[in-house]
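Student: The structure's right below; bear with me while I get my questions together.
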Amino acid sequence: MTGTDVAAVGPVPDGTAVDVVVVGYGPVGMVAAALLGRTGHRVLVLERYAGLYNLPRAASFDDETMRTLARLGVAEELLPKVRVQPTYEWRNGKGDLLIEQSFAENGRSGWAEWNMMYQPDLEEALDTLCRSMDRVEVRHSSSVVALEQTEDRVTVTVEGPEGRETVEARYVLGCDGGNSFVRSALGVELHDYGFSEPWMVCDFRFRRPTEVPRALQLGDPLSPTSIISLGPAHHRFSFMLDSVGDFETERDPRRVWKRVASYLTPDDADLIRVATYTFRSLIADEWRRGRVLLAGDAAHQMPPFLGQGMCSGFRDAQNLAFKLDLVLRGTAPDDILDTYQSEREPHVRAVTEKGIELGHLQTLRDPEQAARRDRTLLARRAESAAPEPMRFPDLVDGLFARGADAGRGRLSVQGVVDDGTRRDRLDQVVGGGFHLLVEEGHLAGLEDGRVLDALAGAGVRVVVLGERAAEHPRAAVVQDVDGTYHAWLAELGCSAVVVRPDFYVYGTASGSDAVAGLVTELLGAICGPATAQEVGSEA
């Protein structure tokens, strides 16, 4: 069923070696390959490097990302290697606290809202997962040098250890980073917001326990600085440079240690990496050309001040994976993939623009402008006006139920449930795929066996929210342990909600008749009108 571990699925066209080629084996490519592989599709990953990159780039991820990692089965392995961070401070050059953002230990997606990590740990876990899948093949030292597509396939030309070869695929995902070959080969242009800053990134590995600020932005006009944890054993200091050319001088380890002397000494930590990185704000004009799609940094690059770069790439992978699954199985038309950019781009733009706003705030170099900023923010704190939390926009204009109900396109919540044998977060108890969450008293429209059979055949898991766990032939009956779901449905004013495999709400309904109508509409969207008509006549 959709979104679960399944056996191999349907035949591919004659001469097509794989269902999907994923170009690039960073975190986004890994997640995309794992999501597609676990639903039974044949995936070939092509990576130009000889091995894992093995250097930290991203520093953190949110609760939605952890929910993805949990669904893939690697969250528990990673938990001891991440550090949950409850606050994020913004201070001026004198050390005055300008902004303090708080993050919940248990966020909307059922995990801590902000997790600090050492990226090689994440990549190692995802690599092990991908290599454990029979349907996923990973090839290193394999550079894609050409793409050619027809109506039913893409021919990928690869330069590898054995020379040049071609691979046929039904679809190609370009997850090959900011300098994406796939994007260039498609001739896709980039929209540049014009926010571009050179920074020097210095990573340290602790030699002994040391007290260092875990999440701090210093808006010092003399030297804007970022200090961030990379999990329990590593730390990062980033310094804004006047120009890229300054890096050759400033990278000298003696100068780096002088910069961090107030926080670290060589007795506390080893300096393991010094690199230059230019923060950019770029979004591709097109994320799909025929059978080739872009994801992650190949589609968009944003400044790091919200910690959402990799998280946004994971959202891309989730969105694409479940839609490709429907298309590859032949249950949904190819044009469902057009909803990928229409859903994801506005979300990415909102995050990028907020990151730029915060970046301008933190990196003011003019002392008078910085002083005005400080006065404004200090006055706001004196008035006890806490900063508004960043709320990402809902998704619109895509694969959603008709109408304008309150929850449509919104990120779903996740709570703890009990099915009588296990008590855990809902995803771990009932698995992946589409979820139809319905209150026990509104099942009348779903009692017909053919309706439930159609839902099961479409990979939709029916989850009944009961007063106690009980057996049901075609549904998971669970107890809402902490009241998360009953409170959420009350907030939305509904008795049922359909959650997509990427955790976003397809639609809601109130009352048994409306639930039956929502089911019919969902089946029409993911299985075609014939199934919807058959079920509709029975519901």
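A note on labels: chains of the structure tokens are A, B, ... as shown, every chain counts residues from 1, and ligands are counted from 1 in their shown order.
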Just want the 9 Å neighbourhood of range 144-155 of chain A, counted on only C-alpha atoms, with same-chain residues fewer than 4 positions away dropped. Output as JSON, numbers by chain.
Tutor: {"A": [13, 16, 23, 46, 47, 48, 159, 160, 166, 167, 168, 169, 170, 171, 172, 181, 182, 185, 186, 290, 291, 292]}
Student: If you count only C-alpha atoms, which residues fall within 8 Å of Asp63 in chain A, apart from same-chain ones fewer than 3 positions away, as a PyMOL selection string?
Tutor: chain A and resi 66-67+107-115
Student: For Leu465 in chain A, which of A:Leu452, A:Ala75, A:Ala487, A:Val22 is the closest residue, counting only C-alpha atoms?
Tutor: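 Checking each of A:Leu452, A:Ala75, A:Ala487, A:Val22 against Leu465 in chain A, counting only C-alpha atoms, the winner is A:Ala487.
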Student: Report the residues of range 211-410 of chain A whose backbone DSSP state falls under alpha helix (DSSP H), written as a PyMOL selection string.
Tutor: chain A and resi 247-250+253-259+309-328+339-362+367-382
Student: Between A:Gly73, A:Arg423, A:Ala401, A:Leu52, which is the closest to Ala514 in chain A once you count only C-alpha atoms?
Tutor: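 When distances to Ala514 in chain A are compared using only C-alpha atoms, the smallest one comes from A:Ala401.
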Student: What's around Asp96 in chain A at 10 Å? Count only C-alpha atoms, leave out sequence neighbours fewer than 6 positions away in its own chain, and write the answer as a list of chain:residue names.
Tutor: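 So the residues in contact are A:Trp90, A:Leu218, A:Gly219, A:Asp374, A:Leu378.
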Student: So that I have them on file, write out the residues from the current selection with all heavy atoms, as a PDB file, in the first residue's frame.
Tutor:
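Result saved to selection-v2.pdb:
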```pdb
ATOM      1  N   TRP A  90      19.450  36.323  20.102  1.00  0.00           N
ATOM      2  CA  TRP A  90      20.034  37.334  19.232  1.00  0.00           C
ATOM      3  C   TRP A  90      20.512  38.468  20.140  1.00  0.00           C
ATOM      4  O   TRP A  90      19.723  39.068  20.876  1.00  0.00           O
ATOM      5  CB  TRP A  90      18.983  37.868  18.243  1.00  0.00           C
ATOM      6  CG  TRP A  90      18.505  36.829  17.264  1.00  0.00           C
ATOM      7  CD1 TRP A  90      17.799  35.700  17.544  1.00  0.00           C
ATOM      8  CD2 TRP A  90      18.709  36.839  15.854  1.00  0.00           C
ATOM      9  NE1 TRP A  90      17.546  35.005  16.396  1.00  0.00           N
ATOM     10  CE2 TRP A  90      18.088  35.678  15.342  1.00  0.00           C
ATOM     11  CE3 TRP A  90      19.349  37.718  14.969  1.00  0.00           C
ATOM     12  CZ2 TRP A  90      18.092  35.360  13.987  1.00  0.00           C
ATOM     13  CZ3 TRP A  90      19.364  37.409  13.619  1.00  0.00           C
ATOM     14  CH2 TRP A  90      18.736  36.237  13.133  1.00  0.00           C
ATOM     15  N   LEU A 218      25.209  37.033  16.998  1.00  0.00           N
ATOM     16  CA  LEU A 218      25.761  38.292  17.500  1.00  0.00           C
ATOM     17  C   LEU A 218      25.691  39.334  16.395  1.00  0.00           C
ATOM     18  O   LEU A 218      26.412  39.255  15.391  1.00  0.00           O
ATOM     19  CB  LEU A 218      27.212  38.093  17.939  1.00  0.00           C
ATOM     20  CG  LEU A 218      27.440  37.418  19.294  1.00  0.00           C
ATOM     21  CD1 LEU A 218      28.925  37.214  19.532  1.00  0.00           C
ATOM     22  CD2 LEU A 218      26.841  38.263  20.411  1.00  0.00           C
ATOM     23  N   GLY A 219      24.822  40.303  16.580  1.00  0.00           N
ATOM     24  CA  GLY A 219      24.683  41.380  15.613  1.00  0.00           C
ATOM     25  C   GLY A 219      25.667  42.512  15.903  1.00  0.00           C
ATOM     26  O   GLY A 219      25.264  43.658  16.145  1.00  0.00           O
ATOM     27  N   ASP A 374      19.036  48.185  17.728  1.00  0.00           N
ATOM     28  CA  ASP A 374      19.119  47.784  19.125  1.00  0.00           C
ATOM     29  C   ASP A 374      18.072  48.507  19.959  1.00  0.00           C
ATOM     30  O   ASP A 374      17.412  47.889  20.808  1.00  0.00           O
ATOM     31  CB  ASP A 374      20.516  48.086  19.678  1.00  0.00           C
ATOM     32  CG  ASP A 374      21.607  47.255  18.999  1.00  0.00           C
ATOM     33  OD1 ASP A 374      21.249  46.343  18.223  1.00  0.00           O
ATOM     34  OD2 ASP A 374      22.792  47.547  19.247  1.00  0.00           O
ATOM     35  N   LEU A 378      15.275  46.455  21.936  1.00  0.00           N
ATOM     36  CA  LEU A 378      15.328  46.523  23.388  1.00  0.00           C
ATOM     37  C   LEU A 378      14.049  47.122  23.957  1.00  0.00           C
ATOM     38  O   LEU A 378      13.549  46.673  25.001  1.00  0.00           O
ATOM     39  CB  LEU A 378      16.549  47.339  23.832  1.00  0.00           C
ATOM     40  CG  LEU A 378      17.907  46.659  23.637  1.00  0.00           C
ATOM     41  CD1 LEU A 378      19.051  47.654  23.870  1.00  0.00           C
ATOM     42  CD2 LEU A 378      18.048  45.475  24.592  1.00  0.00           C
TER      43      LEU A 378
END
```
Student: Among range 150-364 of chain A, which ones does DSSP assign to strand (DSSP E) (computed from the backbone)? Answer as a PyMOL selection string.
Tutor: chain A and resi 154-160+163-174+190-192+197-206+215-219+225-229+234-240+269-279+282-284+288-289+292-294+300-301
